>>> print(open('start_12.tsv').read())   # TSV, C-alpha atoms and all ligand atoms
chain	number	residue	atom	x	y	z
G	1	MET	CA	0.00	0.00	0.00
G	2	GLU	CA	1.15	3.50	-0.81
G	3	LYS	CA	2.27	5.83	1.98
G	4	THR	CA	2.66	8.79	-0.34
G	5	ASP	CA	1.55	12.39	0.17
G	6	LEU	CA	-2.09	12.18	1.25
G	7	TYR	CA	-2.78	15.83	0.35
G	8	PRO	CA	-4.39	15.13	-3.08
G	9	THR	CA	-6.76	12.64	-1.40
G	10	ILE	CA	-8.33	15.53	0.58
G	11	PHE	CA	-9.95	16.68	-2.69
G	12	ARG	CA	-11.19	13.24	-3.78
G	13	ARG	CA	-12.22	11.35	-0.64
G	14	LYS	CA	-15.77	10.75	0.44
G	15	SER	CA	-17.60	8.76	3.08
G	16	VAL	CA	-18.22	5.23	1.81
G	17	ARG	CA	-21.25	3.53	3.34
G	18	ARG	CA	-21.77	0.46	1.07
G	19	TYR	CA	-19.13	-2.23	1.21
G	20	ASP	CA	-18.19	-5.45	-0.50
G	21	LEU	CA	-18.39	-7.73	2.56
G	22	THR	CA	-15.46	-9.92	1.46
G	23	PRO	CA	-12.78	-9.44	4.12
G	24	LEU	CA	-9.52	-7.82	3.00
G	25	ASP	CA	-6.59	-10.22	2.70
G	26	GLU	CA	-4.22	-10.74	5.63
G	27	SER	CA	-1.31	-8.81	4.16
G	28	THR	CA	-3.48	-5.76	3.40
G	29	LEU	CA	-4.87	-5.87	6.95
G	30	ALA	CA	-1.33	-6.14	8.33
G	31	GLU	CA	-0.30	-3.02	6.39
G	32	ILE	CA	-3.37	-1.16	7.63
G	33	SER	CA	-2.55	-2.19	11.23
G	34	GLU	CA	1.00	-1.01	10.83
G	35	TYR	CA	-0.13	2.40	9.56
G	36	MET	CA	-2.73	2.59	12.34
G	37	ASP	CA	-0.09	1.95	14.99
G	38	ASN	CA	2.03	4.85	13.74
G	39	LEU	CA	-0.45	7.73	13.49
G	40	LYS	CA	0.80	11.16	14.49
G	41	PRO	CA	-0.99	12.52	17.55
G	42	MET	CA	-1.91	16.15	18.10
G	43	TYR	CA	-1.28	15.74	21.83
G	44	SER	CA	1.54	13.23	22.31
G	45	ASP	CA	0.75	12.65	25.99
G	46	ILE	CA	-2.82	11.39	25.52
G	47	LYS	CA	-3.03	7.60	25.42
G	48	THR	CA	-5.03	6.09	22.56
G	49	GLU	CA	-5.75	2.56	21.41
G	50	LEU	CA	-7.06	1.60	17.96
G	51	LYS	CA	-8.24	-1.94	17.21
G	52	ILE	CA	-9.51	-3.61	14.06
G	53	ILE	CA	-12.73	-5.50	14.80
G	54	GLY	CA	-15.24	-7.44	12.66
G	55	PRO	CA	-18.94	-6.89	11.92
G	56	ASP	CA	-20.00	-9.34	14.66
G	57	ASP	CA	-18.35	-7.04	17.19
G	58	VAL	CA	-20.61	-4.12	16.24
G	59	LYS	CA	-24.21	-3.11	17.00
G	60	ARG	CA	-24.91	-1.41	13.70
G	61	ARG	CA	-28.02	0.63	14.58
G	62	MET	CA	-29.33	0.96	11.00
G	63	MET	CA	-25.90	1.50	9.41
G	64	ARG	CA	-24.95	-0.90	6.60
G	65	LYS	CA	-22.53	-3.68	7.37
G	66	ALA	CA	-18.80	-3.39	6.65
G	67	PRO	CA	-16.22	-6.19	6.66
G	68	HIS	CA	-13.94	-4.37	9.13
G	69	TYR	CA	-14.11	-1.57	11.67
G	70	ILE	CA	-11.51	0.50	13.50
G	71	ALA	CA	-12.61	0.90	17.11
G	72	VAL	CA	-11.05	4.00	18.64
G	73	PHE	CA	-10.38	4.29	22.38
G	74	SER	CA	-8.75	7.15	24.26
G	75	GLU	CA	-7.82	8.35	27.66
G	76	ALA	CA	-10.49	10.95	28.55
G	77	ARG	CA	-8.60	14.20	29.06
G	78	GLU	CA	-8.66	17.80	27.87
G	79	GLY	CA	-8.21	17.72	24.09
G	80	HIS	CA	-8.72	13.97	23.68
G	81	LEU	CA	-11.55	14.22	21.14
G	82	THR	CA	-9.68	16.74	18.98
G	83	ASN	CA	-6.70	14.39	19.17
G	84	VAL	CA	-8.87	11.49	17.94
G	85	GLY	CA	-10.13	13.59	15.00
G	86	PHE	CA	-6.56	14.57	14.10
G	87	MET	CA	-5.25	10.99	14.32
G	88	VAL	CA	-8.05	8.97	12.79
G	89	GLN	CA	-8.42	11.31	9.79
G	90	GLN	CA	-4.96	10.03	8.83
G	91	MET	CA	-6.59	6.58	8.50
G	92	ASP	CA	-9.52	7.91	6.46
G	93	LEU	CA	-7.12	9.50	3.95
G	94	PHE	CA	-4.66	6.60	3.91
G	95	LEU	CA	-7.44	4.07	3.23
G	96	SER	CA	-9.02	6.25	0.53
G	97	ALA	CA	-5.62	6.81	-1.14
G	98	ASN	CA	-5.26	3.01	-1.29
G	99	ASN	CA	-8.68	2.33	-2.82
G	100	ILE	CA	-10.30	1.23	0.41
G	101	GLY	CA	-13.52	2.94	1.48
G	102	SER	CA	-14.15	4.22	5.01
G	103	CYS	CA	-16.53	6.46	6.92
G	104	TRP	CA	-16.47	8.05	10.35
G	105	GLN	CA	-19.50	6.62	12.18
G	106	GLY	CA	-20.81	7.85	15.50
G	107	ILE	CA	-24.07	5.88	15.32
G	108	PRO	CA	-22.95	2.22	15.53
G	109	GLN	CA	-21.46	1.00	18.79
G	110	PRO	CA	-19.16	-1.91	19.63
G	111	THR	CA	-20.45	-4.84	21.66
G	112	LYS	CA	-19.95	-4.98	25.45
G	113	GLU	CA	-17.05	-7.42	24.99
G	114	VAL	CA	-15.19	-4.93	22.80
G	115	LEU	CA	-15.92	-2.09	25.25
G	116	LYS	CA	-14.50	-4.19	28.07
G	117	SER	CA	-11.40	-5.08	26.05
G	118	SER	CA	-9.77	-1.67	26.61
G	119	ASP	CA	-9.00	0.31	29.76
G	120	LEU	CA	-9.56	3.49	27.77
G	121	GLU	CA	-12.86	5.19	26.87
G	122	PHE	CA	-14.54	4.11	23.64
G	123	ILE	CA	-14.80	7.11	21.28
G	124	ILE	CA	-15.94	6.15	17.76
G	125	LEU	CA	-15.93	3.53	14.97
G	126	MET	CA	-14.63	3.77	11.43
G	127	PRO	CA	-15.90	1.00	9.10
G	128	PHE	CA	-13.67	0.16	6.14
G	129	GLY	CA	-13.45	-2.27	3.22
G	130	ARG	CA	-13.60	-2.52	-0.56
G	131	PRO	CA	-16.27	-0.07	-1.68
G	132	ALA	CA	-19.53	-1.15	-3.33
G	133	GLU	CA	-20.11	2.46	-4.49
G	134	PRO	CA	-17.83	5.07	-6.06
G	135	LEU	CA	-14.79	5.55	-3.85
G	136	HIS	CA	-13.76	9.05	-4.90
G	137	ARG	CA	-15.29	12.31	-6.03
G	138	ASP	CA	-14.30	13.47	-9.50
G	139	SER	CA	-14.13	17.15	-8.64
G	140	VAL	CA	-14.21	19.57	-5.73
G	141	SER	CA	-17.62	20.82	-6.92
G	142	GLU	CA	-19.07	17.52	-5.64
G	143	PHE	CA	-18.22	18.43	-2.03
G	144	LYS	CA	-21.11	20.02	-0.17
G	145	ARG	CA	-19.24	22.55	1.94
G	146	LYS	CA	-19.66	26.09	3.26
G	147	HIS	CA	-18.04	28.91	1.26
G	148	LEU	CA	-14.56	29.83	2.44
G	149	GLN	CA	-15.71	33.26	3.70
G	150	LYS	CA	-18.12	31.53	6.11
G	151	ILE	CA	-15.35	29.55	7.82
G	152	SER	CA	-12.26	31.73	7.59
G	153	ASP	CA	-11.00	35.30	7.68
G	154	VAL	CA	-7.36	34.20	7.45
G	155	ALA	CA	-5.33	36.70	5.41
G	156	GLY	CA	-3.81	34.72	2.50
G	157	ALA	CA	-3.04	30.98	2.82
G	158	GLU	CA	-6.00	30.16	0.54
G	159	ASP	CA	-4.50	26.79	-0.45
G	160	LEU	CA	-4.34	25.69	3.17
G	161	MET	CA	-7.81	26.96	3.99
G	162	GLU	CA	-9.27	25.12	1.02
G	163	ALA	CA	-7.92	21.84	2.47
G	164	ALA	CA	-9.55	22.61	5.85
G	165	ARG	CA	-12.82	23.48	4.10
G	166	MET	CA	-12.99	19.98	2.55
G	167	ALA	CA	-12.80	18.19	5.92
G	168	PRO	CA	-15.59	15.73	6.76
G	169	SER	CA	-17.66	16.38	9.89
G	170	ALA	CA	-20.55	14.77	11.76
G	171	GLY	CA	-23.79	15.58	9.96
G	172	ASN	CA	-21.61	17.73	7.66
G	173	GLY	CA	-21.94	20.44	10.34
G	174	GLN	CA	-18.51	22.01	9.58
G	175	PRO	CA	-18.37	23.54	13.10
G	176	TRP	CA	-15.09	25.42	12.62
G	177	PHE	CA	-13.72	28.91	12.01
G	178	PHE	CA	-10.16	30.02	11.31
G	179	THR	CA	-8.40	33.36	11.85
G	180	GLY	CA	-4.79	34.47	11.43
G	181	ASP	CA	-2.39	34.82	8.54
G	182	GLU	CA	0.33	32.96	6.65
G	183	SER	CA	2.50	32.63	9.75
G	184	ILE	CA	-0.11	31.38	12.25
G	185	ILE	CA	-3.64	30.05	11.84
G	186	HIS	CA	-5.99	29.84	14.83
G	187	ALA	CA	-8.75	27.21	14.90
G	188	TYR	CA	-12.06	27.74	16.70
G	189	SER	CA	-15.05	25.48	17.22
G	190	VAL	CA	-18.69	26.44	17.31
G	191	LYS	CA	-20.36	26.70	20.72
G	192	PRO	CA	-23.58	24.77	20.19
G	193	SER	CA	-26.89	25.76	21.76
G	194	PHE	CA	-27.85	23.71	24.83
G	195	ILE	CA	-30.20	21.40	22.89
G	196	ARG	CA	-27.91	20.92	19.90
G	197	GLY	CA	-25.05	20.44	22.34
G	198	LEU	CA	-26.73	17.32	23.71
G	199	LEU	CA	-26.60	15.78	20.23
G	200	VAL	CA	-23.30	16.97	18.84
G	201	LYS	CA	-21.09	17.91	21.79
G	202	LYS	CA	-18.90	14.84	21.41
G	203	TYR	CA	-18.46	15.28	17.67
G	204	ILE	CA	-17.57	18.98	17.44
G	205	PRO	CA	-14.03	18.57	18.85
G	206	ILE	CA	-13.50	15.47	16.67
G	207	ASP	CA	-14.56	17.49	13.60
G	208	VAL	CA	-12.17	20.33	14.45
G	209	GLY	CA	-9.32	17.85	14.93
G	210	ILE	CA	-10.03	16.50	11.43
G	211	ALA	CA	-9.92	20.01	9.91
G	212	ILE	CA	-6.69	20.83	11.77
G	213	TYR	CA	-5.11	17.67	10.34
G	214	HIS	CA	-6.13	18.72	6.81
G	215	LEU	CA	-4.52	22.12	7.44
G	216	LYS	CA	-1.28	20.59	8.69
G	217	LEU	CA	-1.11	18.13	5.79
G	218	ALA	CA	-1.65	20.95	3.29
G	219	ALA	CA	1.01	23.13	4.94
G	220	GLU	CA	3.55	20.28	4.78
G	221	HIS	CA	2.58	19.55	1.18
G	222	PHE	CA	3.46	23.17	0.34
G	223	GLY	CA	6.85	22.82	2.04
G	224	LYS	CA	6.05	24.58	5.31
G	225	LYS	CA	6.90	23.39	8.77
G	226	ALA	CA	3.62	23.22	10.65
G	227	GLU	CA	3.64	23.10	14.42
G	228	ILE	CA	0.55	22.81	16.62
G	229	VAL	CA	0.72	25.40	19.39
G	230	PHE	CA	-1.68	26.68	22.00
G	231	ASN	CA	-1.40	30.40	21.49
G	232	LYS	CA	-4.78	31.96	22.09
G	233	PRO	CA	-4.98	35.30	20.27
G	234	ALA	CA	-5.59	38.43	22.35
G	235	GLU	CA	-8.55	39.44	20.14
G	236	ASN	CA	-12.00	38.12	20.97
G	237	PRO	CA	-12.93	34.93	19.16
G	238	PRO	CA	-15.54	35.13	16.40
G	239	LYS	CA	-19.00	35.36	17.98
G	240	GLY	CA	-20.37	31.95	18.88
G	241	TYR	CA	-16.98	30.18	18.65
G	242	GLU	CA	-14.30	29.14	21.14
G	243	TYR	CA	-10.55	28.73	20.71
G	244	VAL	CA	-9.13	25.22	20.11
G	245	ALA	CA	-5.51	25.42	18.88
G	246	SER	CA	-3.20	27.16	16.41
G	247	LEU	CA	-0.89	26.04	13.64
G	248	ARG	CA	2.41	27.94	13.45
G	249	LEU	CA	3.80	27.92	9.92
G	250	ASN	CA	7.45	28.37	8.95
G	251	ARG	CA	9.24	28.03	5.66
W	301	LIG	C1	-17.34	12.52	13.89
W	301	LIG	C2	-18.17	12.04	12.71
W	301	LIG	C3	-19.25	11.18	12.92
W	301	LIG	C4	-20.00	10.71	11.82
W	301	LIG	N1	-21.01	9.81	12.05
W	301	LIG	C5	-21.67	9.28	10.97
W	301	LIG	C6	-22.63	8.24	11.17
W	301	LIG	O1	-22.90	7.81	12.29
W	301	LIG	N2	-23.23	7.73	10.08
W	301	LIG	C7	-22.94	8.16	8.80
W	301	LIG	O2	-23.51	7.64	7.85
W	301	LIG	N3	-22.01	9.13	8.58
W	301	LIG	C8	-21.37	9.69	9.63
W	301	LIG	N4	-20.40	10.64	9.43
W	301	LIG	C9	-20.04	11.06	8.05
W	301	LIG	C10	-20.54	12.47	7.71
W	301	LIG	O3	-21.93	12.43	7.51
W	301	LIG	C11	-19.80	12.95	6.44
W	301	LIG	O4	-18.43	13.04	6.71
W	301	LIG	C12	-20.29	14.32	5.97
W	301	LIG	O5	-21.65	14.26	5.59
W	301	LIG	C13	-19.47	14.84	4.77
W	301	LIG	O6	-19.52	13.94	3.70
W	301	LIG	P1	-18.21	13.29	3.10
W	301	LIG	O7	-17.47	12.59	4.23
W	301	LIG	O8	-18.71	12.29	2.08
W	301	LIG	O9	-17.37	14.36	2.48
W	301	LIG	C14	-19.67	11.14	10.51
W	301	LIG	C15	-18.59	12.02	10.32
W	301	LIG	C16	-17.84	12.46	11.40
W	301	LIG	C17	-16.65	13.34	11.15
>>> encode(input="start_12.tsv", output="structure tokens")
Amino acid sequence: MEKTDLYPTIFRRKSVRRYDLTPLDESTLAEISEYMDNLKPMYSDIKTELKIIGPDDVKRRMMRKAPHYIAVFSEAREGHLTNVGFMVQQMDLFLSANNIGSCWQGIPQPTKEVLKSSDLEFIILMPFGRPAEPLHRDSVSEFKRKHLQKISDVAGAEDLMEAARMAPSAGNGQPWFFTGDESIIHAYSVKPSFIRGLLVKKYIPIDVGIAIYHLKLAAEHFGKKAEIVFNKPAENPPKGYEYVASLRLNR
């Protein structure tokens, strides 16, 4: 399997929900496991555990069956959900780049046995397998996303912001906003209303972690050093948003 630059995959990937149920062969699964065990964290001190499980280990709750699932567990600490978004999006892009479909899925849940198999908190599942539907989009116009002006007032850095704009999110909510310039980009997440918060609270930080990973990948693709820093700007955040993290960019 290819471990090349995943940046172009940002503009082709899509959620795959219909799978060929034939399991992937052992060597492909071994390569996927190896990649999964070497994901780059956003917070290196938060413990995570990712396991590949089968369809019998999952309560699907209306979602279609897949031959394999990644079950994601994490230590529950400040930033852990953003960290999961940042890490597991690397799997989504790696699988898509290698002609394997995947989809973030908050609805299905693992069985009790799987939940008990880790000391860490269960966070989310990602089904994957050979797709039984188109794997990629043919053009950026097929992405249903907010216009750039609605999610960013960053001065310049359009190429990077376009990569963040394409990020997948729960219910396609795109709960992010970015400020800054070509040397530092600040990421914010939407503060949901109380009622909406009950439904989406867990997913918003995951979504923002995904978008931050897209930003970092794009920056590195364009030859910049991209470092995650916590450098809350002095200015007030955009109304209705709260600060998450920043990406410092150097040539
Ligand atoms: C945290 C998270 C949870 C999601 N949960 C589900 C889910 O339970 N079921 C589902 O069909 N899609 C789920 N999705 C996929 C989104 O609906 C999808 O990413 C979004 O609509 C954008 O479409 P795209 O991924 O094809 O670009 C989830 C996505 C994220 C990021």
>>> atom_distance(input="start_12.tsv", atom1="atom CA of G:Arg251", atom2="atom CA of G:Met91")
26.8 Å
>>> closest_atom_pairs(input="start_12.tsv", of="chain G", to="ligand LIG 301 (chain W)", cutoff="9 Å", atoms="all atoms listed in the file", output="CSV")
residue,atom,partner,partner_atom,distance
G:Arg12,CA,W:LIG301,O9,8.9
G:Arg13,CA,W:LIG301,O9,6.7
G:Lys14,CA,W:LIG301,O8,3.7
G:Ser15,CA,W:LIG301,O8,3.8
G:Val16,CA,W:LIG301,O8,7.1
G:Arg17,CA,W:LIG301,O2,6.5
G:Met63,CA,W:LIG301,O2,6.8
G:Arg64,CA,W:LIG301,O2,8.8
G:Gly85,CA,W:LIG301,C1,7.4
G:Gln89,CA,W:LIG301,C17,8.6
G:Cys103,CA,W:LIG301,C9,5.9
G:Trp104,CA,W:LIG301,C14,4.5
G:Gln105,CA,W:LIG301,N1,3.5
G:Gly106,CA,W:LIG301,O1,3.8
G:Ile107,CA,W:LIG301,O1,3.8
G:Pro108,CA,W:LIG301,O1,6.5
G:Ile124,CA,W:LIG301,C1,7.6
G:Leu125,CA,W:LIG301,C3,8.6
G:Met126,CA,W:LIG301,C4,8.8
G:Arg137,CA,W:LIG301,O8,8.8
G:Glu142,CA,W:LIG301,O9,8.9
G:Phe143,CA,W:LIG301,O9,6.1
G:Lys144,CA,W:LIG301,O9,7.3
G:Arg145,CA,W:LIG301,C13,8.2
G:Met166,CA,W:LIG301,O9,7.1
G:Ala167,CA,W:LIG301,O9,6.9
G:Pro168,CA,W:LIG301,O4,3.9
G:Ser169,CA,W:LIG301,C17,3.4
G:Ala170,CA,W:LIG301,C16,3.6
G:Gly171,CA,W:LIG301,O3,4.4
G:Asn172,CA,W:LIG301,C12,4.0
G:Gly173,CA,W:LIG301,C12,7.7
G:Gln174,CA,W:LIG301,C12,8.7
G:Val200,CA,W:LIG301,C1,8.9
G:Lys202,CA,W:LIG301,C1,8.0
G:Tyr203,CA,W:LIG301,C1,4.8
G:Ile204,CA,W:LIG301,C1,7.4
G:Pro205,CA,W:LIG301,C1,8.5
G:Ile206,CA,W:LIG301,C1,5.6
G:Asp207,CA,W:LIG301,C17,5.3
G:Val208,CA,W:LIG301,C17,8.9
G:Ile210,CA,W:LIG301,C17,7.3
>>> closest_residue(input="start_12.tsv", among="G:Lys191, G:His136, G:Arg196, G:Lys65", to="G:Lys239", atoms="all atoms listed in the file")
G:Lys191
>>> closest_residue(input="start_12.tsv", among="G:Leu215, G:Pro8, G:Tyr188, G:Ile195", to="G:Asn236", atoms="only C-alpha atoms")
G:Tyr188
>>> residues_around(input="start_12.tsv", residues="stretch 19-25 of chain G", least_positions_apart="2", cutoff="7 Å", atoms="only C-alpha atoms", output="ChimeraX atom specification")
/G:17,27-29,66-67,129-132
>>> closest_residue(input="start_12.tsv", among="G:Gln149, G:Ser193, G:Ser74, G:Asn98", to="G:Ile123", atoms="only C-alpha atoms")
G:Ser74
>>> atom_distance(input="start_12.tsv", atom1="atom CA of G:Pro55", atom2="atom CA of G:Ser117")
16.1 Å
>>> closest_residue(input="start_12.tsv", among="G:Leu198, G:Leu6, G:Ile212, G:Ile70", to="G:Pro41", atoms="all atoms listed in the file")
G:Ile212
>>> closest_residue(input="start_12.tsv", among="G:Gln90, G:Thr111, G:Thr179, G:Ser141", to="G:Asn38", atoms="all atoms listed in the file")
G:Gln90
>>> residues_around(input="start_12.tsv", residues="G:Thr9", least_positions_apart="6", cutoff="9 Å", atoms="all atoms listed in the file", output="list in words")
Leu93, Phe94, Ser96, Ala97 and His136 of chain G
>>> residues_around(input="start_12.tsv", residues="G:Val88", least_positions_apart="4", cutoff="8 Å", atoms="only C-alpha atoms", output="list in words")
Leu39, Val84, Asp92 and Ile210 of chain G
>>> atom_distance(input="start_12.tsv", atom1="atom CA of G:Met87", atom2="atom CA of G:Leu217")
11.9 Å
>>> build_atoms(input="start_12.tsv", residues="stretch 123-137 of chain G", atoms="N, CA, C and O atoms", output="short mmCIF file (atom, residue, chain, number, x, y, z; two decimals), in the frame of the given file")
data_model
loop_
_atom_site.label_atom_id
_atom_site.label_comp_id
_atom_site.auth_asym_id
_atom_site.auth_seq_id
_atom_site.Cartn_x
_atom_site.Cartn_y
_atom_site.Cartn_z
N ILE G 123 -14.47 5.80 21.88
CA ILE G 123 -14.80 7.11 21.28
C ILE G 123 -15.67 6.95 20.02
O ILE G 123 -16.74 7.53 19.93
N ILE G 124 -15.22 6.18 19.05
CA ILE G 124 -15.94 6.15 17.76
C ILE G 124 -15.47 4.95 16.92
O ILE G 124 -14.40 4.39 17.19
N LEU G 125 -16.30 4.61 15.91
CA LEU G 125 -15.93 3.53 14.97
C LEU G 125 -15.67 4.12 13.58
O LEU G 125 -16.27 5.14 13.23
N MET G 126 -14.83 3.44 12.85
CA MET G 126 -14.63 3.77 11.43
C MET G 126 -14.70 2.46 10.64
O MET G 126 -13.74 1.68 10.66
N PRO G 127 -15.84 2.17 9.96
CA PRO G 127 -15.90 1.00 9.10
C PRO G 127 -14.97 1.18 7.90
O PRO G 127 -14.75 2.31 7.46
N PHE G 128 -14.46 0.07 7.37
CA PHE G 128 -13.67 0.16 6.14
C PHE G 128 -13.72 -1.16 5.37
O PHE G 128 -14.01 -2.22 5.94
N GLY G 129 -13.46 -1.08 4.08
CA GLY G 129 -13.45 -2.27 3.22
C GLY G 129 -13.48 -1.84 1.77
O GLY G 129 -13.51 -0.64 1.46
N ARG G 130 -13.49 -2.85 0.88
CA ARG G 130 -13.60 -2.52 -0.56
C ARG G 130 -14.96 -1.88 -0.79
O ARG G 130 -15.98 -2.39 -0.32
N PRO G 131 -15.00 -0.78 -1.52
CA PRO G 131 -16.27 -0.07 -1.68
C PRO G 131 -17.22 -0.76 -2.67
O PRO G 131 -16.77 -1.33 -3.66
N ALA G 132 -18.52 -0.70 -2.38
CA ALA G 132 -19.53 -1.15 -3.33
C ALA G 132 -20.29 0.08 -3.84
O ALA G 132 -21.50 0.05 -4.06
N GLU G 133 -19.60 1.18 -3.95
CA GLU G 133 -20.11 2.46 -4.49
C GLU G 133 -18.87 3.24 -4.92
O GLU G 133 -17.75 2.85 -4.55
N PRO G 134 -19.04 4.34 -5.66
CA PRO G 134 -17.83 5.07 -6.06
C PRO G 134 -17.00 5.47 -4.84
O PRO G 134 -17.54 5.86 -3.80
N LEU G 135 -15.70 5.33 -4.98
CA LEU G 135 -14.79 5.55 -3.85
C LEU G 135 -14.40 7.02 -3.73
O LEU G 135 -14.18 7.52 -2.62
N HIS G 136 -14.29 7.67 -4.89
CA HIS G 136 -13.76 9.05 -4.90
C HIS G 136 -14.73 10.00 -5.59
O HIS G 136 -15.56 9.58 -6.38
N ARG G 137 -14.57 11.27 -5.29
CA ARG G 137 -15.29 12.31 -6.03
C ARG G 137 -14.41 12.71 -7.22
O ARG G 137 -13.18 12.65 -7.14
#
